[in-house]
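So the structure is just underneath, and the comments pick up after that.
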Amino acid sequence: MRPAGNVNENQRASLLAYFDGAALNYPQAVEPAFAPLAEALVRYAALQPGEQVIDLGTGSGLAARLAAGEGRFVVALDLSHKMLLAARQQKTPRLIRGDLHRVGLRTDVFDVALAAFAFNSTDPTLSLREACRILRPGGRLVLHEWGVIDPLSELVSDTIAGYAVEEAPPELATLREAMDQPLPWDDIEDEDDLLEALQEAGFARIEIESLTIPVRLPDVGTFIRYKLAWPSRRAELAAMPDEVRRLCLHDLEENLAARAENDGGLLWQPVVVRARACKPARG
Ligand SMILES: C[S@@+](CC[C@H](N)C(=O)[O-])C[C@H]1O[C@@H](n2cnc3c(N)ncnc32)[C@H](O)[C@@H]1O
């Protein structure tokens with residue numbers, strides 16, 4: 001596997017394995033939590049009839065499917081073959097396997113590039129530039145990424161960390177090491193950094209905002225399934241002795257149930273940072 005900018009070969013291989021691993025259960029486990037976030041992103045994109053749209057890092061195709069309709073031509077791109085299989089299973093149209101660092105599509109094509117949590121494992125000096133390249137002059141990139149961690153997500157991470165094994169078996173040790181390695185996107189620490197990265201990639205008329213998106217989930221189990229869809233958490237649980245794992249899951253349920261509403265529903269309030277940025281018109 002070739003390196004991509006400052007994402008080295010090992011990181012790239014483990015990221016791909018990570019997303020392949022998440023793909024197994026993505027539509028069932030992640031989509032219920034991410035669908036309202038994708039809806040918010042697509043609304044923010046203010047798509048027009050007949051536009052040519054690409055969903056970068058489409059995953060199971062949530063944003064691409066929401067973007068379809070009104071005569072729009074929508075393409076969904078992802079690096080993970082298994083994610084693309086999940087997207088196909090969800091009937092996402094026009095799937096392309098490609099790397100955000102070198103998309104391999106023509107220059108000046110799309111009116112809109114959507115990117116939902118797609119750039120955070122990339123080197124933005126390459127990936128944002130590629131997004132700009134494939135947009136037509138006057139086209140726009142509309143992205144969102146995670147903002148500060150929300151209390152429910154922190155609770156899940158802390159609960160699992162509290163039961164995690166000290167002596168990790170080799171596979172978990174490798175995964176932990178890979179997860180601990182800094183990625184180039186980590187340098188984008190705030191809105192000013194994102195603004196600078198977008199400007200350097202060639203974008204203009206940039207708007208950035210941080211907001212909380214309320215996501216109402218039917219029950220605690222839906223939130224736990226989403227959080228455990230990610231390979232690192234599954235590996236942490238798998239490495240625990242059976243009795244410890246049972247306690248951990250019990251604690252997780254109890255802690256979250258204490259924050260549930262009267263009808264058992266859970267209000268998750270993730271913080272996202274989102275941006276709209278235009279490729280300057282020629283002239
Ligand atoms: C967190 S998931 C988000 C998926 C989807 N956009 C959503 O909101 O549900 C990130 C996606 O980006 C893809 N991805 C990560 N790095 C990529 C790269 N270099 N090129 C293309 N896709 C990439 C992953 O395979 C994964 O499907």
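Residues in the structure tokens are numbered from 1 in each chain, the chains being A, B, ... in the order shown, and ligands are numbered from 1 in the order shown.
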
With a cut-off of 8 Å, could you pull out the residues of range 202-248 of chain A touching range 9-31 of chain A and give me the nearest pair of atoms for each, distance in Å to one decimal, using only C-alpha atoms, ordered by chain and ascending number, as CSV?
residue,atom,partner,partner_atom,distance
A:Thr222,CA,A:Ala29,CA,7.2
A:Arg225,CA,A:Ala29,CA,5.3
A:Tyr226,CA,A:Ala29,CA,4.7
A:Lys227,CA,A:Val30,CA,7.9
A:Ala229,CA,A:Ala22,CA,5.7
A:Trp230,CA,A:Ala22,CA,5.2
A:Pro231,CA,A:Gly21,CA,5.8
A:Ser232,CA,A:Tyr18,CA,7.9

Interface rows for chain A against ligand 1: nearest pair, Å to one decimal, 6 Å, only C-alpha atoms and all ligand atoms, as JSON lines:
{"residue": "A:Phe19", "atom": "CA", "partner": "ligand 1", "partner_atom_place_in_ligand_line": "25 (O)", "distance": 4.9}
{"residue": "A:Phe34", "atom": "CA", "partner": "ligand 1", "partner_atom_place_in_ligand_line": "9 (O)", "distance": 5.9}
{"residue": "A:Gly57", "atom": "CA", "partner": "ligand 1", "partner_atom_place_in_ligand_line": "12 (O)", "distance": 3.6}
{"residue": "A:Thr58", "atom": "CA", "partner": "ligand 1", "partner_atom_place_in_ligand_line": "6 (N)", "distance": 4.1}
{"residue": "A:Gly59", "atom": "CA", "partner": "ligand 1", "partner_atom_place_in_ligand_line": "27 (O)", "distance": 3.3}
{"residue": "A:Leu62", "atom": "CA", "partner": "ligand 1", "partner_atom_place_in_ligand_line": "9 (O)", "distance": 5.8}
{"residue": "A:Asp78", "atom": "CA", "partner": "ligand 1", "partner_atom_place_in_ligand_line": "22 (N)", "distance": 3.9}
{"residue": "A:Leu79", "atom": "CA", "partner": "ligand 1", "partner_atom_place_in_ligand_line": "21 (C)", "distance": 3.9}
{"residue": "A:Ser80", "atom": "CA", "partner": "ligand 1", "partner_atom_place_in_ligand_line": "25 (O)", "distance": 4.5}
{"residue": "A:Met83", "atom": "CA", "partner": "ligand 1", "partner_atom_place_in_ligand_line": "27 (O)", "distance": 5.6}
{"residue": "A:Gly98", "atom": "CA", "partner": "ligand 1", "partner_atom_place_in_ligand_line": "21 (C)", "distance": 5.6}
{"residue": "A:Asp99", "atom": "CA", "partner": "ligand 1", "partner_atom_place_in_ligand_line": "20 (N)", "distance": 3.5}
{"residue": "A:Leu100", "atom": "CA", "partner": "ligand 1", "partner_atom_place_in_ligand_line": "20 (N)", "distance": 3.9}
{"residue": "A:His101", "atom": "CA", "partner": "ligand 1", "partner_atom_place_in_ligand_line": "19 (N)", "distance": 5.8}
{"residue": "A:Ala116", "atom": "CA", "partner": "ligand 1", "partner_atom_place_in_ligand_line": "6 (N)", "distance": 4.2}
{"residue": "A:Phe117", "atom": "CA", "partner": "ligand 1", "partner_atom_place_in_ligand_line": "3 (C)", "distance": 4.9}
{"residue": "A:Ala118", "atom": "CA", "partner": "ligand 1", "partner_atom_place_in_ligand_line": "12 (O)", "distance": 4.2}
{"residue": "A:Ser121", "atom": "CA", "partner": "ligand 1", "partner_atom_place_in_ligand_line": "16 (N)", "distance": 5.3}
{"residue": "A:Thr122", "atom": "CA", "partner": "ligand 1", "partner_atom_place_in_ligand_line": "19 (N)", "distance": 5.5}

Using C-alpha atoms, can you write the selected residues to a file as a short mmCIF file (atom, residue, chain, number, x, y, z; two decimals), in the first residue's frame?
data_model
loop_
_atom_site.label_atom_id
_atom_site.label_comp_id
_atom_site.auth_asym_id
_atom_site.auth_seq_id
_atom_site.Cartn_x
_atom_site.Cartn_y
_atom_site.Cartn_z
CA PHE A 19 -12.97 0.98 8.15
CA PHE A 34 -25.39 9.11 11.81
CA GLY A 57 -15.72 8.99 2.07
CA THR A 58 -19.32 7.91 1.61
CA GLY A 59 -19.19 4.93 4.01
CA LEU A 62 -25.92 7.95 3.81
CA ASP A 78 -14.78 5.47 -0.66
CA LEU A 79 -11.45 3.73 -0.17
CA SER A 80 -12.88 0.73 1.66
CA MET A 83 -17.83 0.03 2.94
CA GLY A 98 -11.00 5.88 -4.73
CA ASP A 99 -8.59 7.56 -2.37
CA LEU A 100 -9.24 11.10 -1.17
CA HIS A 101 -5.52 11.83 -1.56
CA ALA A 116 -19.18 13.64 6.34
CA PHE A 117 -16.38 12.70 8.78
CA ALA A 118 -14.33 11.77 5.72
CA SER A 121 -7.99 10.17 8.60
CA THR A 122 -6.39 11.93 5.62
#

Need the shell around Val244 in chain A: protein/DNA/RNA residues with any atom at most 10 Å away, counting only C-alpha atoms. Skip same-chain ones fewer than 5 positions apart. Format as a list in words? Tyr163, Ala164, Val165, Leu237, Ala239, Leu249 and His250 of chain A

Find the residues around range 131-134 of chain A up to 6 Å (only C-alpha atoms counted), leave out those fewer than 2 positions away in its own chain, and share them as a PyMOL selection string. chain A and resi 107-109+128-129

Give me, as a Markdown table, each residue of range 72-114 of chain A that comes within 6 Å of range 139-142 of chain A, together with its shortest interatomic pair and the distance in Å at one decimal, counting only C-alpha atoms, with rows ordered by chain and rising residue number.
| residue | atom | partner | partner_atom | distance |
| --- | --- | --- | --- | --- |
| A:Asp111 | CA | A:Gly139 | CA | 4.4 |
| A:Val112 | CA | A:Arg140 | CA | 4.9 |
| A:Ala113 | CA | A:Leu141 | CA | 4.7 |
| A:Leu114 | CA | A:Val142 | CA | 5.0 |

Please identify every residue of range 185-207 of chain A that has at least one atom no farther than 12 Å from an atom of range 147-159 of chain A, counting only C-alpha atoms, and for each give the shortest atom pair and the distance in Å to one decimal, arranged by chain then increasing number, as a Markdown table.
| residue | atom | partner | partner_atom | distance |
| --- | --- | --- | --- | --- |
| A:Asp186 | CA | A:Gly147 | CA | 11.9 |
| A:Ile188 | CA | A:Gly147 | CA | 10.9 |
| A:Glu189 | CA | A:Gly147 | CA | 9.3 |
| A:Asp190 | CA | A:Gly147 | CA | 8.6 |
| A:Glu191 | CA | A:Gly147 | CA | 9.7 |
| A:Leu194 | CA | A:Gly147 | CA | 11.8 |

Written file, previous selection with N, CA and C atoms, as a PDB file, in the first residue's frame:
ATOM      1  N   ASP A 186      -4.885  15.793  12.735  1.00  0.00           N
ATOM      2  CA  ASP A 186      -4.867  16.223  14.144  1.00  0.00           C
ATOM      3  C   ASP A 186      -4.307  17.632  14.294  1.00  0.00           C
ATOM      4  N   ILE A 188      -5.267  20.078  12.716  1.00  0.00           N
ATOM      5  CA  ILE A 188      -6.385  21.025  12.595  1.00  0.00           C
ATOM      6  C   ILE A 188      -7.139  20.996  13.926  1.00  0.00           C
ATOM      7  N   GLU A 189      -6.744  21.883  14.793  1.00  0.00           N
ATOM      8  CA  GLU A 189      -7.253  21.827  16.165  1.00  0.00           C
ATOM      9  C   GLU A 189      -8.444  22.733  16.384  1.00  0.00           C
ATOM     10  N   ASP A 190      -8.600  23.742  15.550  1.00  0.00           N
ATOM     11  CA  ASP A 190      -9.728  24.666  15.761  1.00  0.00           C
ATOM     12  C   ASP A 190     -10.189  25.233  14.416  1.00  0.00           C
ATOM     13  N   GLU A 191     -11.164  26.135  14.497  1.00  0.00           N
ATOM     14  CA  GLU A 191     -11.756  26.666  13.266  1.00  0.00           C
ATOM     15  C   GLU A 191     -10.745  27.485  12.455  1.00  0.00           C
ATOM     16  N   LEU A 194      -8.739  25.111  10.425  1.00  0.00           N
ATOM     17  CA  LEU A 194      -9.521  24.584   9.298  1.00  0.00           C
ATOM     18  C   LEU A 194      -9.610  25.635   8.194  1.00  0.00           C
TER      19      LEU A 194
END

Can you pull out every residue from range 41-260 of chain A that DSSP, working from the backbone, puts in alpha helix (DSSP H), and format the result as a PyMOL selection string? chain A and resi 41-45+62-67+81-89+124-134+151-163+170-180+191-200+220-227+231-239+242-257

For Arg94 in chain A, please output as number ranges by chain all residues within 8 Å (counting only C-alpha atoms; exclusion window: fewer than 5 positions along the same chain). A: 74-76

For the residues selected in the previous step, produce a file with C-alpha atoms as a CSV table (one decimal), in the first residue's frame.
chain,number,residue,atom,x,y,z
A,74,VAL,CA,-24.7,11.7,-7.5
A,75,VAL,CA,-21.4,9.8,-7.2
A,76,ALA,CA,-20.3,8.1,-3.9

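With distances restricted to only C-alpha atoms, A:Ile213 is the closest residue to Leu41 in chain A from A:Ile213, A:Pro182, A:Pro93, A:Ala258.
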
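If you count only C-alpha atoms and ignore residues fewer than 4 places along the chain from Val272 in chain A, what sits within 7 Å of it is His144, Glu145, Trp146, Gly147, Ser210, Leu211 and Thr212 of chain A.
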
Could you save those same residues with C-alpha atoms as an mmCIF file, in the first residue's frame?
data_model
loop_
_atom_site.group_PDB
_atom_site.id
_atom_site.type_symbol
_atom_site.label_atom_id
_atom_site.label_comp_id
_atom_site.auth_asym_id
_atom_site.auth_seq_id
_atom_site.Cartn_x
_atom_site.Cartn_y
_atom_site.Cartn_z
ATOM 1 C CA HIS A 144 -18.392 18.243 8.732
ATOM 2 C CA GLU A 145 -16.022 16.764 11.286
ATOM 3 C CA TRP A 146 -16.237 16.083 15.010
ATOM 4 C CA GLY A 147 -16.005 19.020 17.399
ATOM 5 C CA SER A 210 -19.438 24.659 15.359
ATOM 6 C CA LEU A 211 -22.836 23.362 16.447
ATOM 7 C CA THR A 212 -24.580 20.691 18.465
#

Fewer than 6 positions away in the same chain doesn't count, so skip those; otherwise give me all residues within 7 Å of Ala63 in chain A, counting only C-alpha atoms, as a list of chain:residue names. A:Ala38, A:Val42, A:Asp55

Write to file, as a compact mmCIF listing (two decimals), in the first residue's frame, the residues of the selection just made, with N, CA and C atoms.
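Result file follows (part.txt):
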# COMPACT_ATOMS: atom_id res chain seq x y z
N ALA A 38 -26.09 13.27 8.79
CA ALA A 38 -26.00 13.37 7.33
C ALA A 38 -27.12 14.28 6.80
N VAL A 42 -26.56 17.61 4.51
CA VAL A 42 -27.14 17.77 3.17
C VAL A 42 -28.04 19.02 3.13
N ASP A 55 -20.09 12.40 -3.01
CA ASP A 55 -20.00 12.20 -1.56
C ASP A 55 -18.66 11.53 -1.28

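Using only C-alpha atoms, the nearest neighbour of Leu135 in chain A within the list A:Ile208, A:Ile54, A:Ala45, A:Ala87 is A:Ile54.
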